[in-house]
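Have a look at my_file.csv below; it lists CSV, C-alpha atoms.
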```csv
chain,number,residue,atom,x,y,z
A,1,MET,CA,15.4,6.7,-25.8
A,2,ASN,CA,12.1,4.8,-25.9
A,3,VAL,CA,13.0,2.7,-22.9
A,4,LEU,CA,13.9,5.8,-20.9
A,5,ALA,CA,10.6,7.5,-21.9
A,6,LEU,CA,8.7,4.4,-20.9
A,7,CYS,CA,10.4,4.2,-17.5
A,8,SER,CA,9.6,7.8,-16.9
A,9,LEU,CA,6.0,7.3,-17.8
A,10,VAL,CA,5.7,4.3,-15.5
A,11,GLN,CA,7.3,6.3,-12.6
A,12,LEU,CA,4.9,9.2,-13.3
A,13,SER,CA,1.9,6.8,-13.1
A,14,VAL,CA,3.0,5.7,-9.6
A,15,MET,CA,3.5,9.3,-8.5
A,16,ALA,CA,-0.1,10.1,-9.8
A,17,THR,CA,-1.5,7.3,-7.5
A,18,THR,CA,0.7,8.4,-4.6
A,19,THR,CA,-0.8,10.9,-2.1
A,20,ASP,CA,0.8,12.5,0.9
A,21,TYR,CA,0.4,10.5,4.2
A,22,ALA,CA,-2.2,12.8,5.7
A,23,THR,CA,-4.4,12.7,2.6
A,24,ALA,CA,-4.1,8.9,2.3
A,25,ARG,CA,-5.0,8.5,6.0
A,26,GLU,CA,-8.0,10.8,5.6
A,27,GLN,CA,-9.2,8.8,2.6
A,28,MET,CA,-8.8,5.6,4.6
A,29,LEU,CA,-10.8,6.9,7.5
A,30,GLU,CA,-13.6,8.4,5.4
A,31,THR,CA,-14.1,5.5,2.9
A,32,GLY,CA,-12.7,2.5,4.6
A,33,ARG,CA,-10.4,2.1,1.7
A,34,PRO,CA,-7.1,0.3,2.8
A,35,MET,CA,-4.0,2.5,3.1
A,36,VAL,CA,-0.7,1.1,1.8
A,37,ILE,CA,2.4,2.9,2.8
A,38,LEU,CA,5.9,2.3,1.5
A,39,VAL,CA,8.4,3.3,4.1
A,40,GLY,CA,12.0,3.7,2.9
A,41,ALA,CA,15.0,6.0,2.2
A,42,ASP,CA,16.8,7.4,-0.7
A,43,TRP,CA,20.1,5.8,0.2
A,44,CYS,CA,18.5,2.3,0.4
A,45,PRO,CA,18.9,0.2,-2.8
A,46,ALA,CA,16.0,-2.1,-2.0
A,47,CYS,CA,13.8,0.9,-1.2
A,48,GLN,CA,14.7,2.5,-4.5
A,49,GLN,CA,13.9,-0.7,-6.3
A,50,MET,CA,10.4,-0.8,-4.6
A,51,LYS,CA,9.8,2.9,-5.4
A,52,SER,CA,11.1,3.0,-8.9
A,53,SER,CA,10.4,-0.5,-10.3
A,54,VAL,CA,8.0,-2.6,-8.3
A,55,MET,CA,5.3,-0.1,-7.2
A,56,PRO,CA,5.1,1.6,-10.6
A,57,GLU,CA,4.4,-1.9,-12.1
A,58,VAL,CA,1.9,-2.6,-9.4
A,59,ALA,CA,0.2,0.8,-10.3
A,60,ARG,CA,0.4,0.0,-14.1
A,61,ARG,CA,-1.4,-3.2,-13.4
A,62,GLY,CA,-4.2,-1.3,-11.6
A,63,ARG,CA,-3.6,-2.8,-8.1
A,64,LEU,CA,-3.3,0.6,-6.4
A,65,ARG,CA,-6.7,1.9,-7.7
A,66,ARG,CA,-8.6,0.5,-4.7
A,67,VAL,CA,-6.2,1.6,-2.0
A,68,SER,CA,-4.8,4.9,-0.8
A,69,PHE,CA,-1.1,4.8,-1.4
A,70,SER,CA,1.6,6.9,0.2
A,71,ILE,CA,5.4,6.9,0.4
A,72,VAL,CA,7.1,7.9,3.7
A,73,ASN,CA,10.8,8.7,3.6
A,74,THR,CA,12.6,7.8,6.8
A,75,ASP,CA,15.1,10.6,6.6
A,76,ARG,CA,12.6,13.4,5.8
A,77,ARG,CA,9.7,12.2,8.1
A,78,ARG,CA,11.7,10.3,10.8
A,79,SER,CA,9.0,10.7,13.6
A,80,LEU,CA,6.2,9.5,11.3
A,81,ALA,CA,8.3,6.6,10.0
A,82,GLN,CA,9.2,5.5,13.5
A,83,LYS,CA,5.5,5.4,14.5
A,84,LEU,CA,4.6,3.4,11.4
A,85,MET,CA,7.4,0.9,11.4
A,86,ARG,CA,7.8,-2.3,13.3
A,87,GLY,CA,11.5,-3.1,13.4
A,88,SER,CA,14.2,-1.1,11.8
A,89,SER,CA,14.6,-2.9,8.5
A,90,ILE,CA,13.6,-1.0,5.3
A,91,PRO,CA,11.8,-1.0,3.0
A,92,GLN,CA,8.6,-1.8,4.8
A,93,LEU,CA,5.3,-2.0,2.9
A,94,ILE,CA,2.5,-1.5,5.5
A,95,MET,CA,-1.2,-1.8,5.0
A,96,TYR,CA,-3.9,-0.6,7.4
A,97,ARG,CA,-7.5,-1.7,6.8
A,98,ARG,CA,-10.8,-1.7,8.6
A,99,THR,CA,-12.2,-5.3,9.1
A,100,ALA,CA,-15.2,-6.8,10.8
A,101,SER,CA,-13.0,-7.3,13.9
A,102,GLY,CA,-11.5,-3.7,13.9
A,103,TRP,CA,-8.5,-2.1,12.3
A,104,ARG,CA,-5.7,-4.5,11.1
A,105,ARG,CA,-2.1,-3.8,10.2
A,106,SER,CA,-0.1,-6.0,7.8
A,107,GLN,CA,3.5,-5.6,6.7
A,108,LEU,CA,6.0,-6.9,4.2
A,109,THR,CA,9.7,-6.2,5.0
A,110,GLY,CA,12.4,-6.0,2.4
A,111,ALA,CA,12.4,-5.8,-1.4
A,112,GLN,CA,9.4,-7.7,-2.8
A,113,SER,CA,8.4,-8.9,-6.3
A,114,VAL,CA,5.5,-7.3,-8.1
A,115,GLU,CA,3.5,-10.5,-7.7
A,116,ARG,CA,4.1,-10.6,-3.9
A,117,VAL,CA,3.0,-7.0,-3.5
A,118,GLU,CA,-0.1,-7.7,-5.6
A,119,GLN,CA,-0.9,-10.7,-3.4
A,120,PHE,CA,-0.4,-8.6,-0.3
A,121,ILE,CA,-2.8,-5.9,-1.5
A,122,GLU,CA,-5.4,-8.4,-2.7
A,123,ALA,CA,-5.3,-10.3,0.6
A,124,GLY,CA,-5.9,-7.0,2.4
A,125,LEU,CA,-8.7,-6.0,0.2
A,126,SER,CA,-10.4,-9.4,0.7
A,127,ASP,CA,-11.1,-8.7,4.4
A,128,ALA,CA,-11.4,-5.0,4.3
A,129,LEU,CA,-14.7,-3.3,5.0
A,130,ILE,CA,-15.0,-0.6,2.3
A,131,GLU,CA,-17.6,2.1,2.2
A,132,PRO,CA,-19.2,2.5,-1.2
A,133,ASP,CA,-18.2,5.7,-3.0
A,134,ALA,CA,-17.7,6.9,-6.5
A,135,SER,CA,-13.9,6.5,-6.3
A,136,THR,CA,-13.8,2.8,-5.7
A,137,THR,CA,-15.3,-0.2,-7.4
A,138,ALA,CA,-15.3,-2.4,-4.3
A,139,LYS,CA,-18.6,-3.4,-2.6
A,140,ALA,CA,-19.3,-2.6,1.0
A,141,ARG,CA,-19.4,-5.7,3.1
A,142,LYS,CA,-21.4,-6.1,6.3
A,143,PRO,CA,-19.5,-7.1,9.4
A,144,ASN,CA,-21.2,-10.6,9.5
A,145,ASP,CA,-20.3,-11.4,5.9
A,146,PRO,CA,-18.9,-15.0,6.0
A,147,SER,CA,-16.7,-14.4,2.9
A,148,MET,CA,-14.4,-12.1,4.9
A,149,ARG,CA,-11.2,-13.7,6.0
A,150,ARG,CA,-8.1,-12.7,7.9
A,151,VAL,CA,-4.7,-12.2,6.3
A,152,THR,CA,-2.3,-14.9,7.6
A,153,GLY,CA,1.1,-16.1,6.9
A,154,GLY,CA,3.6,-15.0,4.3
A,155,GLY,CA,5.0,-12.3,6.4
A,156,ALA,CA,1.9,-10.2,6.0
A,157,ARG,CA,1.6,-9.2,9.6
```
Can I see the file as structure tokens?
Amino acid sequence: MNVLALCSLVQLSVMATTTDYATAREQMLETGRPMVILVGADWCPACQQMKSSVMPEVARRGRLRRVSFSIVNTDRRRSLAQKLMRGSSIPQLIMYRRTASGWRRSQLTGAQSVERVEQFIEAGLSDALIEPDASTTAKARKPNDPSMRRVTGGGAR
């Protein structure tokens, strides 16, 4: 019973950090906060693992606090999913972020570990230009800031 209650609580925490796509996109455009989207389907075991195990743990560890997070179901939002996805494999974890050189897109395809998702998010945050606001703890960076770097390798394209 306690394990079941804990699992439910963790899933609720990820749902609390999940917004619909339109709201997450609006937050990204207004604040510069990166947007992370999990694209998957109910019938896909790897998608369900990402949705019910991996992303709730990432949320529990606080890694979703500095991004706008949304889940897009390929069956319910087929047109949107097709616009977002590169390739047809799911799940896809996609990140859009504003950088000194313009908007960038990164992607992880397939089931991922909690640690790999955290690395993906941190790498994206490290080169994102984020506007200061009360809802984020990240500092705004100027476009000529030499500490900014691009995400490379590891399938994060």
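Counting only C-alpha atoms, the residue from A:Val72, A:Ala41, A:Ala46, A:Val36 that sits nearest to A:Val117 is A:Val36.
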Exercise: residues within 12 Å of coordinate (14.9, 2.0, -0.2), counting all atoms listed in the file, as a ChimeraX atom specification
/A:38-54,71-75,89-93,109-112
Taking C-alpha atoms for each residue, export the selection above as an mmCIF file, in the coordinates of the input.
```cif
data_model
loop_
_atom_site.group_PDB
_atom_site.id
_atom_site.type_symbol
_atom_site.label_atom_id
_atom_site.label_comp_id
_atom_site.auth_asym_id
_atom_site.auth_seq_id
_atom_site.Cartn_x
_atom_site.Cartn_y
_atom_site.Cartn_z
ATOM 1 C CA LEU A 38 5.900 2.300 1.500
ATOM 2 C CA VAL A 39 8.400 3.300 4.100
ATOM 3 C CA GLY A 40 12.000 3.700 2.900
ATOM 4 C CA ALA A 41 15.000 6.000 2.200
ATOM 5 C CA ASP A 42 16.800 7.400 -0.700
ATOM 6 C CA TRP A 43 20.100 5.800 0.200
ATOM 7 C CA CYS A 44 18.500 2.300 0.400
ATOM 8 C CA PRO A 45 18.900 0.200 -2.800
ATOM 9 C CA ALA A 46 16.000 -2.100 -2.000
ATOM 10 C CA CYS A 47 13.800 0.900 -1.200
ATOM 11 C CA GLN A 48 14.700 2.500 -4.500
ATOM 12 C CA GLN A 49 13.900 -0.700 -6.300
ATOM 13 C CA MET A 50 10.400 -0.800 -4.600
ATOM 14 C CA LYS A 51 9.800 2.900 -5.400
ATOM 15 C CA SER A 52 11.100 3.000 -8.900
ATOM 16 C CA SER A 53 10.400 -0.500 -10.300
ATOM 17 C CA VAL A 54 8.000 -2.600 -8.300
ATOM 18 C CA ILE A 71 5.400 6.900 0.400
ATOM 19 C CA VAL A 72 7.100 7.900 3.700
ATOM 20 C CA ASN A 73 10.800 8.700 3.600
ATOM 21 C CA THR A 74 12.600 7.800 6.800
ATOM 22 C CA ASP A 75 15.100 10.600 6.600
ATOM 23 C CA SER A 89 14.600 -2.900 8.500
ATOM 24 C CA ILE A 90 13.600 -1.000 5.300
ATOM 25 C CA PRO A 91 11.800 -1.000 3.000
ATOM 26 C CA GLN A 92 8.600 -1.800 4.800
ATOM 27 C CA LEU A 93 5.300 -2.000 2.900
ATOM 28 C CA THR A 109 9.700 -6.200 5.000
ATOM 29 C CA GLY A 110 12.400 -6.000 2.400
ATOM 30 C CA ALA A 111 12.400 -5.800 -1.400
ATOM 31 C CA GLN A 112 9.400 -7.700 -2.800
#
```
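Candidate residues A:Ser70, A:Thr18, A:Gln119, A:Ser126 were compared for distance to A:Ala100, and the nearest is A:Ser126, using all atoms listed in the file.
Interatomic distance, atom CA of A:Arg116 against atom CA of A:Asp20: 23.8 Å.
Pairwise distance (atom CA of A:Ile121, atom CA of A:Leu29) equals 17.6 Å.
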Need the shell around A:Glu118: protein/DNA/RNA residues with any atom at most 7 Å away, counting only C-alpha atoms. Skip same-chain ones fewer than 3 positions apart. Format as a short mmCIF file (atom, residue, chain, number, x, y, z; two decimals) with C-alpha atoms, in the frame of the given file?
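Result went into around-v1.cif, see below:
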```cif
data_model
loop_
_atom_site.label_atom_id
_atom_site.label_comp_id
_atom_site.auth_asym_id
_atom_site.auth_seq_id
_atom_site.Cartn_x
_atom_site.Cartn_y
_atom_site.Cartn_z
CA VAL A 58 1.90 -2.60 -9.40
CA ARG A 63 -3.60 -2.80 -8.10
CA VAL A 114 5.50 -7.30 -8.10
CA GLU A 115 3.50 -10.50 -7.70
CA ILE A 121 -2.80 -5.90 -1.50
CA GLU A 122 -5.40 -8.40 -2.70
#
```
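Here atom CA of A:Gln27 is placed at a distance of 21.2 Å from atom CA of A:Arg60.
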